[in-house]
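Chemist: So I've got this file, model.txt, and it contains compact mmCIF, C-alpha atoms and all ligand atoms:
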# COMPACT_ATOMS: atom_id res chain seq x y z
CA MET G 523 -27.64 -11.90 -42.90
CA LYS G 524 -27.77 -14.03 -39.78
CA ILE G 525 -27.35 -12.70 -36.27
CA ASN G 526 -25.36 -14.37 -33.53
CA GLU G 527 -28.29 -16.24 -31.97
CA ASN G 528 -26.33 -16.83 -28.80
CA TYR G 529 -27.25 -13.27 -27.81
CA LEU G 530 -30.89 -14.31 -27.64
CA LYS G 531 -30.02 -16.89 -25.00
CA LEU G 532 -28.60 -14.29 -22.61
CA GLU G 533 -30.49 -13.27 -19.48
CA LYS G 534 -32.96 -10.66 -20.79
CA ASN G 535 -33.83 -8.64 -17.75
CA TYR G 536 -30.41 -7.45 -16.71
CA LEU G 537 -30.10 -7.23 -12.92
CA PHE G 538 -29.40 -3.52 -12.62
CA ILE G 539 -32.15 -2.54 -15.08
CA ARG G 540 -34.71 -4.42 -12.99
CA ILE G 541 -33.40 -2.77 -9.83
CA ALA G 542 -33.55 0.69 -11.46
CA GLU G 543 -37.17 0.09 -12.51
CA LYS G 544 -38.16 -0.91 -8.99
CA ILE G 545 -36.45 2.15 -7.50
CA LYS G 546 -38.14 4.45 -10.01
CA ALA G 547 -41.58 3.06 -9.22
CA PHE G 548 -40.99 3.35 -5.46
CA GLN G 549 -39.68 6.92 -5.69
CA ALA G 550 -42.67 7.96 -7.81
CA GLU G 551 -45.00 6.62 -5.10
CA HIS G 552 -42.97 8.08 -2.22
CA PRO G 553 -41.23 11.24 -3.45
CA GLU G 554 -40.58 12.32 0.18
CA LYS G 555 -38.45 9.26 1.01
CA LYS G 556 -34.65 9.46 0.87
CA ILE G 557 -33.42 6.29 -0.78
CA ILE G 558 -29.94 5.11 0.24
CA ARG G 559 -28.27 3.19 -2.57
CA MET G 560 -25.85 0.45 -1.61
CA GLY G 561 -26.37 -1.64 -4.71
CA ILE G 562 -24.31 -0.67 -7.74
CA GLY G 563 -20.56 -1.06 -7.31
CA ASP G 564 -19.57 2.43 -8.45
CA VAL G 565 -17.27 4.57 -6.31
CA THR G 566 -18.25 7.94 -4.81
CA GLN G 567 -14.96 9.53 -3.70
CA PRO G 568 -13.34 11.96 -6.18
CA LEU G 569 -10.03 11.35 -7.95
CA ALA G 570 -6.84 11.95 -5.97
CA PRO G 571 -5.36 15.43 -6.62
CA ILE G 572 -2.09 13.97 -7.95
CA VAL G 573 -4.04 12.01 -10.56
CA VAL G 574 -5.92 15.08 -11.78
CA GLU G 575 -2.68 17.07 -11.96
CA ALA G 576 -1.01 14.36 -14.05
CA MET G 577 -3.96 14.28 -16.44
CA LYS G 578 -3.93 18.07 -16.86
CA LYS G 579 -0.17 18.12 -17.42
CA ALA G 580 -0.50 15.41 -20.07
CA ALA G 581 -3.28 17.36 -21.81
CA ASP G 582 -0.99 20.41 -21.89
CA GLU G 583 1.76 18.30 -23.50
CA LEU G 584 -0.66 17.31 -26.24
CA ALA G 585 -1.26 21.01 -26.97
CA VAL G 586 2.39 21.62 -27.95
CA LYS G 587 3.94 20.38 -31.21
CA GLU G 588 7.19 19.20 -29.59
CA THR G 589 5.44 17.07 -26.95
CA PHE G 590 2.32 16.07 -28.90
CA ARG G 591 1.67 12.31 -29.12
CA GLY G 592 -0.56 10.42 -31.51
CA TYR G 593 -0.90 6.65 -31.69
CA GLU G 594 1.11 4.74 -29.14
CA ASP G 595 3.42 2.32 -31.00
CA SER G 596 2.45 -1.05 -29.55
CA GLY G 597 -0.98 -0.26 -28.08
CA ALA G 598 0.06 -2.34 -25.06
CA GLY G 599 0.75 0.69 -22.89
CA TYR G 600 3.62 3.14 -22.47
CA ASP G 601 6.75 1.74 -20.86
CA PHE G 602 6.50 4.26 -18.00
CA LEU G 603 3.14 2.80 -16.93
CA ARG G 604 3.96 -0.86 -17.54
CA GLN G 605 7.09 -0.43 -15.42
CA ALA G 606 5.12 1.36 -12.69
CA VAL G 607 2.64 -1.56 -12.56
CA SER G 608 5.50 -4.05 -12.47
CA ASP G 609 7.08 -2.19 -9.52
CA TYR G 610 3.69 -2.12 -7.78
CA TYR G 611 3.45 -5.92 -8.10
CA HIS G 612 6.99 -6.23 -6.71
CA GLY G 613 5.85 -4.20 -3.68
CA PHE G 614 3.64 -7.08 -2.50
CA GLY G 615 5.78 -9.97 -3.55
CA ALA G 616 4.70 -10.77 -7.12
CA GLU G 617 7.41 -10.62 -9.78
CA VAL G 618 5.68 -9.55 -12.99
CA PRO G 619 7.95 -8.12 -15.71
CA ALA G 620 6.74 -5.00 -17.52
CA GLU G 621 6.73 -6.87 -20.87
CA ASP G 622 4.00 -9.21 -19.57
CA ILE G 623 1.70 -6.30 -18.63
CA ARG G 624 -0.78 -4.76 -21.07
CA ILE G 625 -2.62 -1.54 -20.31
CA ASN G 626 -6.32 -1.41 -21.18
CA ASP G 627 -9.41 0.74 -20.72
CA GLY G 628 -10.61 -1.29 -17.72
CA ALA G 629 -10.85 -4.91 -16.72
CA LYS G 630 -14.31 -5.44 -18.18
CA SER G 631 -13.12 -4.95 -21.77
CA ASP G 632 -10.30 -7.48 -21.61
CA CYS G 633 -12.45 -9.85 -19.61
CA GLY G 634 -14.78 -9.84 -22.60
CA ASN G 635 -12.02 -9.73 -25.24
CA LEU G 636 -9.90 -12.57 -23.89
CA VAL G 637 -12.41 -15.13 -25.16
CA ASP G 638 -11.21 -14.28 -28.72
CA ILE G 639 -7.98 -16.26 -28.36
CA PHE G 640 -9.63 -19.48 -27.15
CA ASP G 641 -11.59 -21.99 -29.19
CA ASP G 642 -15.34 -22.19 -28.65
CA SER G 643 -15.13 -25.90 -27.83
CA ASN G 644 -13.42 -25.13 -24.53
CA ILE G 645 -15.34 -26.00 -21.39
CA ILE G 646 -15.57 -23.03 -19.08
CA LEU G 647 -15.66 -23.28 -15.28
CA ILE G 648 -17.19 -20.38 -13.39
CA THR G 649 -17.71 -20.20 -9.66
CA ASP G 650 -21.33 -19.51 -8.72
CA PRO G 651 -22.19 -16.78 -7.69
CA ALA G 652 -20.04 -14.71 -10.06
CA TYR G 653 -19.49 -11.36 -11.77
CA PRO G 654 -21.97 -11.74 -14.71
CA VAL G 655 -19.43 -10.75 -17.41
CA TYR G 656 -17.66 -14.15 -17.20
CA VAL G 657 -20.88 -15.98 -17.99
CA ASP G 658 -22.20 -13.59 -20.64
CA SER G 659 -18.94 -13.23 -22.61
CA ASN G 660 -18.72 -17.02 -22.95
CA LEU G 661 -22.41 -17.56 -23.70
CA MET G 662 -22.11 -14.99 -26.50
CA ASN G 663 -19.74 -17.43 -28.21
CA GLY G 664 -21.96 -20.41 -27.47
CA ARG G 665 -19.55 -22.02 -25.03
CA LYS G 666 -20.46 -24.70 -22.54
CA ILE G 667 -20.18 -23.59 -18.92
CA VAL G 668 -19.95 -25.70 -15.78
CA TYR G 669 -20.31 -24.16 -12.34
CA ALA G 670 -18.37 -24.66 -9.11
CA ASP G 671 -20.63 -23.95 -6.16
CA SER G 672 -19.53 -21.26 -3.72
CA SER G 673 -21.75 -21.52 -0.69
CA GLU G 674 -21.96 -21.09 3.05
CA ASN G 675 -20.43 -24.59 3.36
CA ASN G 676 -17.12 -23.58 1.77
CA GLY G 677 -17.06 -19.95 2.93
CA PHE G 678 -17.99 -18.94 -0.64
CA CYS G 679 -14.57 -20.13 -1.84
CA ALA G 680 -15.38 -22.94 -4.29
CA MET G 681 -12.57 -25.49 -4.58
CA PRO G 682 -11.79 -27.77 -7.55
CA SER G 683 -13.71 -31.01 -7.85
CA PRO G 684 -11.34 -33.97 -8.29
CA ASP G 685 -14.12 -35.88 -10.10
CA GLY G 686 -14.75 -33.14 -12.63
CA TYR G 687 -18.11 -31.47 -13.32
CA ALA G 688 -21.37 -32.78 -14.73
CA LEU G 689 -22.13 -31.61 -18.27
CA ASP G 690 -24.80 -33.12 -20.53
CA GLY G 691 -24.78 -36.35 -18.54
CA THR G 692 -21.01 -36.89 -18.40
CA GLN G 693 -18.22 -35.78 -16.07
CA VAL G 694 -15.89 -33.24 -17.69
CA PHE G 695 -12.84 -31.24 -16.69
CA PRO G 696 -12.69 -27.53 -17.48
CA ASP G 697 -10.27 -25.93 -19.95
CA ILE G 698 -10.68 -22.36 -18.73
CA ILE G 699 -11.27 -21.55 -15.07
CA TYR G 700 -12.50 -18.13 -13.88
CA LEU G 701 -11.56 -17.12 -10.34
CA CYS G 702 -12.19 -13.77 -8.70
CA SER G 703 -10.58 -12.84 -5.37
CA PRO G 704 -11.56 -10.73 -3.47
CA ASN G 705 -14.80 -11.88 -4.95
CA ASN G 706 -17.57 -9.87 -6.47
CA PRO G 707 -20.27 -10.40 -5.17
CA THR G 708 -19.33 -12.40 -2.06
CA GLY G 709 -16.29 -10.51 -0.77
CA ALA G 710 -14.65 -13.88 -0.02
CA VAL G 711 -10.87 -14.09 -0.54
CA TYR G 712 -8.89 -17.20 -1.47
CA THR G 713 -5.92 -18.09 0.75
CA LYS G 714 -2.55 -18.94 -0.77
CA ALA G 715 -3.11 -22.63 0.00
CA GLN G 716 -6.47 -22.58 -1.80
CA LEU G 717 -5.03 -20.86 -4.87
CA ALA G 718 -2.17 -23.35 -4.89
CA GLU G 719 -4.80 -26.11 -5.16
CA TRP G 720 -6.41 -24.40 -8.15
CA ILE G 721 -3.01 -23.97 -9.81
CA ALA G 722 -2.22 -27.66 -9.34
CA TYR G 723 -5.65 -28.58 -10.71
CA ALA G 724 -5.18 -26.36 -13.77
CA LYS G 725 -1.77 -27.93 -14.41
CA ALA G 726 -3.13 -31.45 -14.03
CA HIS G 727 -5.92 -30.80 -16.54
CA ASP G 728 -4.04 -28.54 -18.94
CA ALA G 729 -6.38 -25.66 -18.16
CA VAL G 730 -5.88 -21.91 -17.99
CA ILE G 731 -6.92 -19.84 -14.95
CA VAL G 732 -8.37 -16.42 -15.61
CA PHE G 733 -7.79 -14.60 -12.34
CA ASP G 734 -9.67 -11.37 -11.64
CA ALA G 735 -7.88 -9.27 -9.01
CA ALA G 736 -9.96 -6.08 -9.48
CA TYR G 737 -10.34 -5.67 -5.71
CA GLU G 738 -6.80 -6.60 -4.60
CA ALA G 739 -6.19 -3.14 -3.08
CA PHE G 740 -8.82 -3.88 -0.42
CA ILE G 741 -6.90 -6.81 1.06
CA LYS G 742 -5.64 -5.86 4.52
CA ASP G 743 -4.38 -9.24 5.70
CA PRO G 744 -0.75 -9.59 4.53
CA GLU G 745 -1.13 -13.38 4.46
CA LEU G 746 -3.79 -13.26 1.74
CA PRO G 747 -2.61 -13.19 -1.90
CA ARG G 748 -3.27 -9.97 -3.85
CA SER G 749 -2.12 -11.54 -7.10
CA ILE G 750 -2.10 -15.13 -8.30
CA TYR G 751 1.55 -14.55 -9.23
CA GLN G 752 2.47 -14.60 -5.54
CA LEU G 753 2.02 -18.36 -5.94
CA GLU G 754 4.63 -20.65 -7.38
CA GLY G 755 3.84 -22.04 -10.82
CA ALA G 756 1.05 -19.53 -11.52
CA LYS G 757 2.83 -18.02 -14.50
CA GLU G 758 2.56 -21.28 -16.44
CA VAL G 759 -1.23 -21.42 -16.01
CA ALA G 760 -2.75 -18.03 -15.23
CA VAL G 761 -3.79 -14.78 -16.86
CA GLU G 762 -4.64 -11.94 -14.47
CA PHE G 763 -6.90 -8.88 -14.77
CA CYS G 764 -6.66 -5.86 -12.58
CA SER G 765 -8.18 -2.41 -12.63
CA LEU G 766 -7.76 1.08 -11.25
CA SER G 767 -11.55 1.50 -11.09
CA LYS G 768 -11.93 0.67 -7.42
CA THR G 769 -8.29 1.11 -6.39
CA ALA G 770 -8.14 4.74 -7.49
CA GLY G 771 -11.67 5.81 -8.48
CA PHE G 772 -11.08 5.27 -12.21
CA THR G 773 -14.59 3.99 -13.03
CA GLY G 774 -15.11 7.04 -15.25
CA VAL G 775 -11.47 7.56 -16.30
CA ARG G 776 -11.09 3.94 -17.51
CA CYS G 777 -7.77 2.18 -17.04
CA GLY G 778 -6.77 -1.33 -16.07
CA TYR G 779 -4.16 -3.94 -16.92
CA THR G 780 -3.97 -7.54 -18.04
CA VAL G 781 -1.04 -9.83 -17.37
CA ILE G 782 -0.26 -12.64 -19.80
CA PRO G 783 3.02 -14.21 -18.68
CA SER G 784 5.51 -15.27 -21.37
CA GLN G 785 5.62 -18.72 -19.71
CA LEU G 786 1.97 -19.39 -20.58
CA LYS G 787 2.16 -21.70 -23.59
CA THR G 788 0.15 -24.40 -25.31
CA ILE G 789 0.51 -26.80 -28.23
CA ALA G 790 -1.49 -25.86 -31.33
CA GLY G 791 -3.29 -28.39 -33.55
CA ASP G 792 -0.27 -28.62 -35.89
CA GLY G 793 2.02 -29.55 -32.98
CA THR G 794 3.80 -26.21 -32.67
CA GLU G 795 4.23 -24.45 -29.35
CA VAL G 796 2.30 -21.19 -29.12
CA SER G 797 2.44 -18.60 -26.37
CA LEU G 798 -0.85 -17.01 -25.34
CA ALA G 799 0.87 -13.62 -25.16
CA GLN G 800 1.78 -14.00 -28.85
CA LEU G 801 -1.89 -14.65 -29.75
CA TRP G 802 -3.07 -11.81 -27.54
CA ASN G 803 -0.59 -9.37 -29.11
CA ARG G 804 -1.82 -10.42 -32.52
CA ARG G 805 -5.42 -9.83 -31.46
CA GLU G 806 -4.63 -6.45 -29.95
CA GLY G 807 -2.60 -5.42 -33.00
CA SER G 808 -5.74 -5.78 -35.12
CA LYS G 809 -8.43 -4.66 -32.71
CA PHE G 810 -7.01 -2.19 -30.17
CA ASN G 811 -5.07 1.07 -30.45
CA GLY G 812 -4.25 1.63 -26.81
CA VAL G 813 -5.38 3.83 -23.94
CA SER G 814 -5.20 7.62 -24.16
CA TYR G 815 -1.97 9.31 -23.11
CA PRO G 816 -3.52 11.53 -20.38
CA VAL G 817 -5.19 8.49 -18.81
CA GLN G 818 -1.92 6.54 -18.79
CA ARG G 819 -0.14 9.48 -17.14
CA ALA G 820 -2.96 9.66 -14.58
CA ALA G 821 -2.55 5.94 -13.91
CA GLU G 822 1.20 6.34 -13.55
CA ALA G 823 0.58 8.95 -10.83
CA VAL G 824 -1.45 6.38 -8.85
CA PHE G 825 1.67 4.21 -8.49
CA THR G 826 3.98 6.98 -7.18
CA PRO G 827 4.55 7.03 -3.39
CA GLU G 828 2.40 10.19 -3.06
CA GLY G 829 -0.26 8.67 -5.35
CA GLN G 830 -0.42 5.55 -3.21
CA LYS G 831 -0.80 7.70 -0.10
CA GLN G 832 -3.66 9.66 -1.66
CA VAL G 833 -5.61 6.70 -3.08
CA ARG G 834 -5.18 4.89 0.24
CA GLU G 835 -7.29 7.63 1.87
CA SER G 836 -10.30 6.75 -0.30
CA ILE G 837 -9.76 3.04 0.26
CA LEU G 838 -9.67 3.64 4.04
CA TYR G 839 -12.88 5.65 3.71
CA TYR G 840 -14.61 2.70 2.02
CA GLN G 841 -13.08 0.22 4.46
CA GLU G 842 -14.67 2.17 7.31
CA ASN G 843 -18.06 1.74 5.59
CA ALA G 844 -17.39 -1.98 5.25
CA ARG G 845 -16.54 -2.14 8.96
CA VAL G 846 -19.81 -0.41 9.91
CA ILE G 847 -21.85 -2.81 7.73
CA ALA G 848 -20.02 -5.86 9.09
CA GLU G 849 -20.47 -4.67 12.67
CA THR G 850 -24.22 -4.19 12.16
CA LEU G 851 -24.64 -7.66 10.64
CA THR G 852 -22.64 -9.19 13.48
CA GLU G 853 -24.87 -7.46 16.05
CA LEU G 854 -27.95 -8.73 14.22
CA ASN G 855 -26.55 -12.28 14.09
CA ILE G 856 -26.84 -12.35 10.32
CA PRO G 857 -24.30 -14.65 8.61
CA PHE G 858 -22.09 -12.83 6.08
CA THR G 859 -18.83 -12.96 4.15
CA GLY G 860 -16.59 -10.12 2.96
CA GLY G 861 -16.24 -6.65 4.39
CA ILE G 862 -12.81 -7.11 5.94
CA ASN G 863 -10.58 -7.63 2.90
CA SER G 864 -13.19 -6.53 0.40
CA PRO G 865 -15.56 -3.64 -0.36
CA TYR G 866 -18.46 -6.11 -0.74
CA ILE G 867 -20.53 -7.60 2.04
CA TRP G 868 -22.60 -10.65 1.22
CA PHE G 869 -25.21 -11.69 3.76
CA LYS G 870 -27.93 -14.27 4.20
CA CYS G 871 -31.37 -12.72 3.80
CA PRO G 872 -33.13 -12.54 7.18
CA PHE G 873 -36.64 -13.91 7.77
CA GLY G 874 -35.87 -16.82 5.41
CA LEU G 875 -36.66 -14.60 2.43
CA ASP G 876 -35.37 -15.05 -1.09
CA SER G 877 -33.16 -12.21 -2.31
CA TRP G 878 -35.75 -10.41 -4.49
CA SER G 879 -38.36 -10.50 -1.70
CA PHE G 880 -35.76 -9.15 0.69
CA PHE G 881 -34.88 -6.44 -1.85
CA ASP G 882 -38.54 -5.38 -1.99
CA LYS G 883 -38.85 -5.45 1.80
CA MET G 884 -35.77 -3.25 2.30
CA LEU G 885 -36.86 -0.82 -0.39
CA HIS G 886 -40.43 -0.47 0.85
CA GLU G 887 -39.82 -0.54 4.61
CA ILE G 888 -36.54 1.36 5.00
CA ALA G 889 -35.77 2.83 1.54
CA VAL G 890 -32.38 1.11 1.33
CA VAL G 891 -31.25 -0.51 -1.92
CA GLY G 892 -28.86 -3.42 -2.27
CA THR G 893 -28.33 -6.11 -4.89
CA PRO G 894 -30.26 -9.39 -4.79
CA GLY G 895 -27.86 -12.32 -4.80
CA ALA G 896 -30.04 -14.16 -7.33
CA GLY G 897 -28.59 -11.84 -9.99
CA PHE G 898 -25.18 -13.49 -9.60
CA GLY G 899 -26.16 -17.14 -9.84
CA LYS G 900 -28.22 -19.88 -8.24
CA ASN G 901 -26.17 -19.91 -5.03
CA GLY G 902 -27.18 -16.31 -4.45
CA VAL G 903 -30.95 -16.83 -4.27
CA ASN G 904 -31.06 -16.34 -0.50
CA TRP G 905 -28.16 -13.90 -0.25
CA PHE G 906 -27.76 -10.18 -0.65
CA ARG G 907 -24.89 -7.86 -1.62
CA LEU G 908 -24.15 -4.47 -0.09
CA THR G 909 -21.26 -2.31 -1.21
CA ALA G 910 -19.01 -0.10 0.88
CA PHE G 911 -18.56 2.49 -1.90
CA GLY G 912 -21.19 4.91 -0.59
CA ASP G 913 -21.11 8.00 1.54
CA GLN G 914 -20.14 7.34 5.19
CA ALA G 915 -23.09 9.18 6.76
CA ASP G 916 -25.52 7.41 4.38
CA THR G 917 -23.97 4.03 5.15
CA ARG G 918 -24.36 4.59 8.88
CA GLU G 919 -27.95 5.71 8.43
CA ALA G 920 -28.73 2.72 6.22
CA MET G 921 -27.36 0.39 8.88
CA GLN G 922 -29.49 2.04 11.58
CA ARG G 923 -32.52 1.57 9.36
CA LEU G 924 -31.59 -2.08 8.79
CA GLN G 925 -31.25 -2.60 12.56
CA SER G 926 -34.71 -1.20 13.17
CA MET G 927 -36.18 -3.35 10.41
CA VAL G 928 -34.58 -6.63 11.49
CA LYS G 929 -35.01 -6.14 15.24
N1 LIG C 1 -13.96 -7.48 -12.41
C1 LIG C 1 -14.81 -7.42 -11.40
C2 LIG C 1 -14.91 -8.57 -10.48
C3 LIG C 1 -15.63 -6.29 -11.23
O1 LIG C 1 -16.50 -6.27 -10.21
C4 LIG C 1 -15.51 -5.22 -12.12
C5 LIG C 1 -16.34 -4.01 -11.99
O2 LIG C 1 -17.32 -3.92 -11.33
C6 LIG C 1 -14.61 -5.34 -13.17
C7 LIG C 1 -13.85 -6.47 -13.29
C8 LIG C 1 -14.51 -4.30 -14.24
O3 LIG C 1 -13.93 -3.15 -13.84
P1 LIG C 1 -13.51 -2.02 -14.86
O4 LIG C 1 -13.94 -2.38 -16.23
O5 LIG C 1 -14.18 -0.79 -14.36
O6 LIG C 1 -12.01 -1.97 -14.76
Represent the supplied structure as structure tokens.

Modeler:
Amino acid sequence: MKINENYLKLEKNYLFIRIAEKIKAFQAEHPEKKIIRMGIGDVTQPLAPIVVEAMKKAADELAVKETFRGYEDSGAGYDFLRQAVSDYYHGFGAEVPAEDIRINDGAKSDCGNLVDIFDDSNIILITDPAYPVYVDSNLMNGRKIVYADSSENNGFCAMPSPDGYALDGTQVFPDIIYLCSPNNPTGAVYTKAQLAEWIAYAKAHDAVIVFDAAYEAFIKDPELPRSIYQLEGAKEVAVEFCSLSKTAGFTGVRCGYTVIPSQLKTIAGDGTEVSLAQLWNRREGSKFNGVSYPVQRAAEAVFTPEGQKQVRESILYYQENARVIAETLTELNIPFTGGINSPYIWFKCPFGLDSWSFFDKMLHEIAVVGTPGAGFGKNGVNWFRLTAFGDQADTREAMQRLQSMVK
């Protein structure tokens, strides 16, 4: 027996484990201190009532012989939900047919699973800093990764390099490009013009874009794209992930969707044309039996007019937190991105500190926890992430504490 040795090359001390250890040690030393956590990206508002009702109703259906359901035929999601997602896309100007949408148990799973349909010799481009799953899921298969720097200089929106990327002493062009907008961790959002550049680049180099739109519901500016499919030509080059985790508080319920357009095709080694959707369906047919019926009914409720009204209330609640954080950083003259069209705020560590030193300072001096930017890539070493998913009173208190610390 041989293990997959690539796992041994992964970052050992996972970011959130190290943070948890530091918090535990601090709390043991100072049991009287109230720690305010603005680090982990989990939501705090409860599910919308319409969602809970839909889930209960679906559970009742399963209790009756006539309405009981077992396996779902295709595993790709019930038509009622795929159509609801398609209509939702239409609502902001992206035409995505229901057949191209596949329902899953959250974006993280498909983000990890998608690598199955691509060869390990592909060169992967990931913007740095990034959501760690993109890096890990490719390293697990031993793939070569090149990084596009997102930094203060480009507003944390890395753009394609016309000269390619350095890899093992040569310049290479990527085959698979990961983009996330609104971005985790930076909160930066690509404009339509910027995404158009990435689409043109992918076309020119026969690459696929993997577009993560998990935070699209936080975009307020109607000029900013919420889906890559709002851009012309995207369907020939892009796969998109989205999730109800942050949109509707589904982090514990688990439901998301992946779009693989029928136009996305490539030529196989034997010269035949193959659609990626065809490969993906084949993969799913063998490895996935679909999302539970009550969860899909709950997700359907999110997309009804009343559901949208109810989930909007939680989003507005978080957006108010983001506003308070952004206002505080502005007052303190601390450079930051995000917070307006995103639940993440990414700021430059004051006092010239690196992100782990700043983490320790915040924890020990004001008992506030955030996420050190170093955990998301080399361009995060002097940056820090706060999330707007906390309680409003706690967020305000944390910002008062930060003001007193920095002033
Ligand atoms: N994509 C991004 C950028 C995320 O930040 C997250 C969650 O934090 C996910 C995907 C995964 O979300 P889920 O698996 O809960 O749908």

Chemist: Show me which residues line ligand LIG 1 (chain C), defined as having an atom within 7 Å of a ligand atom where all atoms listed in the file count, and present them as a list in words.

Modeler: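 Counting only what the definition allows, namely all atoms listed in the file, the set is Gly563, Gly628, Ala629, Lys630, Ser631, Tyr653, Cys702, Asn705, Asn706, Asp734, Ala736, Cys764, Ser765, Leu766, Ser767, Thr773, Arg776, Cys777 and Gly778 of chain G.
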
Chemist: Centre and edge lengths, as lines of an AutoDock Vina configuration file, for the axis-aligned box enclosing every listed atom of segment 864-877 of chain G with 4 Å of padding on each of the six sides, in Å to one decimal?

Modeler:
center_x = -24.9
center_y = -10.2
center_z = 2.7
size_x = 31.5
size_y = 21.2
size_z = 18.1

Chemist: Per residue of segment 784-834 of chain G within 12 Å of segment 635-649 of chain G, note the shortest atom pair and the distance in Å to one decimal, counting all atoms listed in the file, and order the rows by chain and increasing residue number, as a Markdown table.

Modeler:
| residue | atom | partner | partner_atom | distance |
| --- | --- | --- | --- | --- |
| G:Thr788 | CA | G:Phe640 | CA | 11.1 |
| G:Ala790 | CA | G:Asp641 | CA | 11.0 |
| G:Gly791 | CA | G:Asp641 | CA | 11.4 |
| G:Val796 | CA | G:Ile639 | CA | 11.4 |
| G:Ser797 | CA | G:Ile639 | CA | 10.9 |
| G:Leu798 | CA | G:Ile639 | CA | 7.8 |
| G:Ala799 | CA | G:Ile639 | CA | 9.8 |
| G:Gln800 | CA | G:Ile639 | CA | 10.0 |
| G:Leu801 | CA | G:Ile639 | CA | 6.5 |
| G:Trp802 | CA | G:Ile639 | CA | 6.7 |
| G:Asn803 | CA | G:Ile639 | CA | 10.1 |
| G:Arg804 | CA | G:Ile639 | CA | 9.5 |
| G:Arg805 | CA | G:Ile639 | CA | 7.6 |
| G:Glu806 | CA | G:Asn635 | CA | 9.4 |
| G:Ser808 | CA | G:Asp638 | CA | 12.0 |
| G:Lys809 | CA | G:Asn635 | CA | 9.7 |
| G:Phe810 | CA | G:Asn635 | CA | 10.3 |

Chemist: How many Å separate atom CA of Ser879 of chain G from atom CA of Leu924 of chain G?

Modeler: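 About the pair atom CA of Ser879 of chain G and atom CA of Leu924 of chain G: they are 15.1 Å apart.
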
Chemist: Between G:Ser703, G:Lys714, G:Lys534, G:Ile721, which residue has the minimum interatomic distance to Leu746 of chain G, considering all atoms listed in the file?

Modeler: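 Ranking G:Ser703, G:Lys714, G:Lys534, G:Ile721 by distance to Leu746 of chain G, first place goes to G:Lys714.
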
Chemist: Of the candidates G:Ala550, G:Ala726, G:Ala910, G:Val928, which one gets nearest to Arg845 of chain G if we count all atoms listed in the file?

Modeler: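 Among the listed residues, G:Ala910 lies closest to Arg845 of chain G.
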
Chemist: Between atom CA of Val775 of chain G and atom CA of Leu537 of chain G, what is the spacing in Å?

Modeler: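 Computed distance, atom CA of Leu537 of chain G to atom CA of Val775 of chain G, equals 24.0 Å.
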
Chemist: Which neighbours of segment 599-616 of chain G fall inside 8 Å, counting only C-alpha atoms, when residues of the same chain fewer than 4 positions from it are skipped, and could you give them as a PDB file with C-alpha atoms, in the coordinates of the input?

Modeler:
ATOM      1  CA  GLU G 594       1.110   4.740 -29.140  1.00  0.00           C
ATOM      2  CA  ALA G 620       6.740  -5.000 -17.520  1.00  0.00           C
ATOM      3  CA  GLU G 621       6.730  -6.870 -20.870  1.00  0.00           C
ATOM      4  CA  ILE G 623       1.700  -6.300 -18.630  1.00  0.00           C
ATOM      5  CA  ARG G 624      -0.780  -4.760 -21.070  1.00  0.00           C
ATOM      6  CA  ILE G 625      -2.620  -1.540 -20.310  1.00  0.00           C
ATOM      7  CA  ASN G 626      -6.320  -1.410 -21.180  1.00  0.00           C
ATOM      8  CA  ARG G 748      -3.270  -9.970  -3.850  1.00  0.00           C
ATOM      9  CA  SER G 749      -2.120 -11.540  -7.100  1.00  0.00           C
ATOM     10  CA  TYR G 751       1.550 -14.550  -9.230  1.00  0.00           C
ATOM     11  CA  GLN G 752       2.470 -14.600  -5.540  1.00  0.00           C
ATOM     12  CA  GLY G 812      -4.250   1.630 -26.810  1.00  0.00           C
ATOM     13  CA  VAL G 813      -5.380   3.830 -23.940  1.00  0.00           C
ATOM     14  CA  GLN G 818      -1.920   6.540 -18.790  1.00  0.00           C
ATOM     15  CA  ARG G 819      -0.140   9.480 -17.140  1.00  0.00           C
ATOM     16  CA  ALA G 821      -2.550   5.940 -13.910  1.00  0.00           C
ATOM     17  CA  GLU G 822       1.200   6.340 -13.550  1.00  0.00           C
ATOM     18  CA  PHE G 825       1.670   4.210  -8.490  1.00  0.00           C
ATOM     19  CA  THR G 826       3.980   6.980  -7.180  1.00  0.00           C
TER      20      THR G 826
END

Chemist: Out of G:Cys679, G:Glu842, G:Met560, G:Gln716, which residue has the shortest atom-to-atom distance to Ile750 of chain G when counting all atoms listed in the file?

Modeler: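 Between G:Cys679, G:Glu842, G:Met560, G:Gln716, the residue approaching Ile750 of chain G most closely is G:Gln716.
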
Chemist: Here is a test: counting all atoms listed in the file, which residue of G:Pro816, G:Pro744, G:Gly899, G:Gly677 is nearest to Val655 of chain G?

Modeler: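 Using all atoms listed in the file, Val655 of chain G sits closest to G:Gly899.
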
Chemist: Taking 3 positions as the minimum chain separation for residues in the same chain, which residues sit within 9 Å of Gln925 of chain G when counting all atoms listed in the file? Answer as a PDB file with C-alpha atoms, keeping the file's coordinate frame.

Modeler:
ATOM      1  CA  THR G 850     -24.220  -4.190  12.160  1.00  0.00           C
ATOM      2  CA  LEU G 851     -24.640  -7.660  10.640  1.00  0.00           C
ATOM      3  CA  GLU G 853     -24.870  -7.460  16.050  1.00  0.00           C
ATOM      4  CA  LEU G 854     -27.950  -8.730  14.220  1.00  0.00           C
ATOM      5  CA  ALA G 920     -28.730   2.720   6.220  1.00  0.00           C
ATOM      6  CA  MET G 921     -27.360   0.390   8.880  1.00  0.00           C
ATOM      7  CA  GLN G 922     -29.490   2.040  11.580  1.00  0.00           C
ATOM      8  CA  VAL G 928     -34.580  -6.630  11.490  1.00  0.00           C
ATOM      9  CA  LYS G 929     -35.010  -6.140  15.240  1.00  0.00           C
TER      10      LYS G 929
END
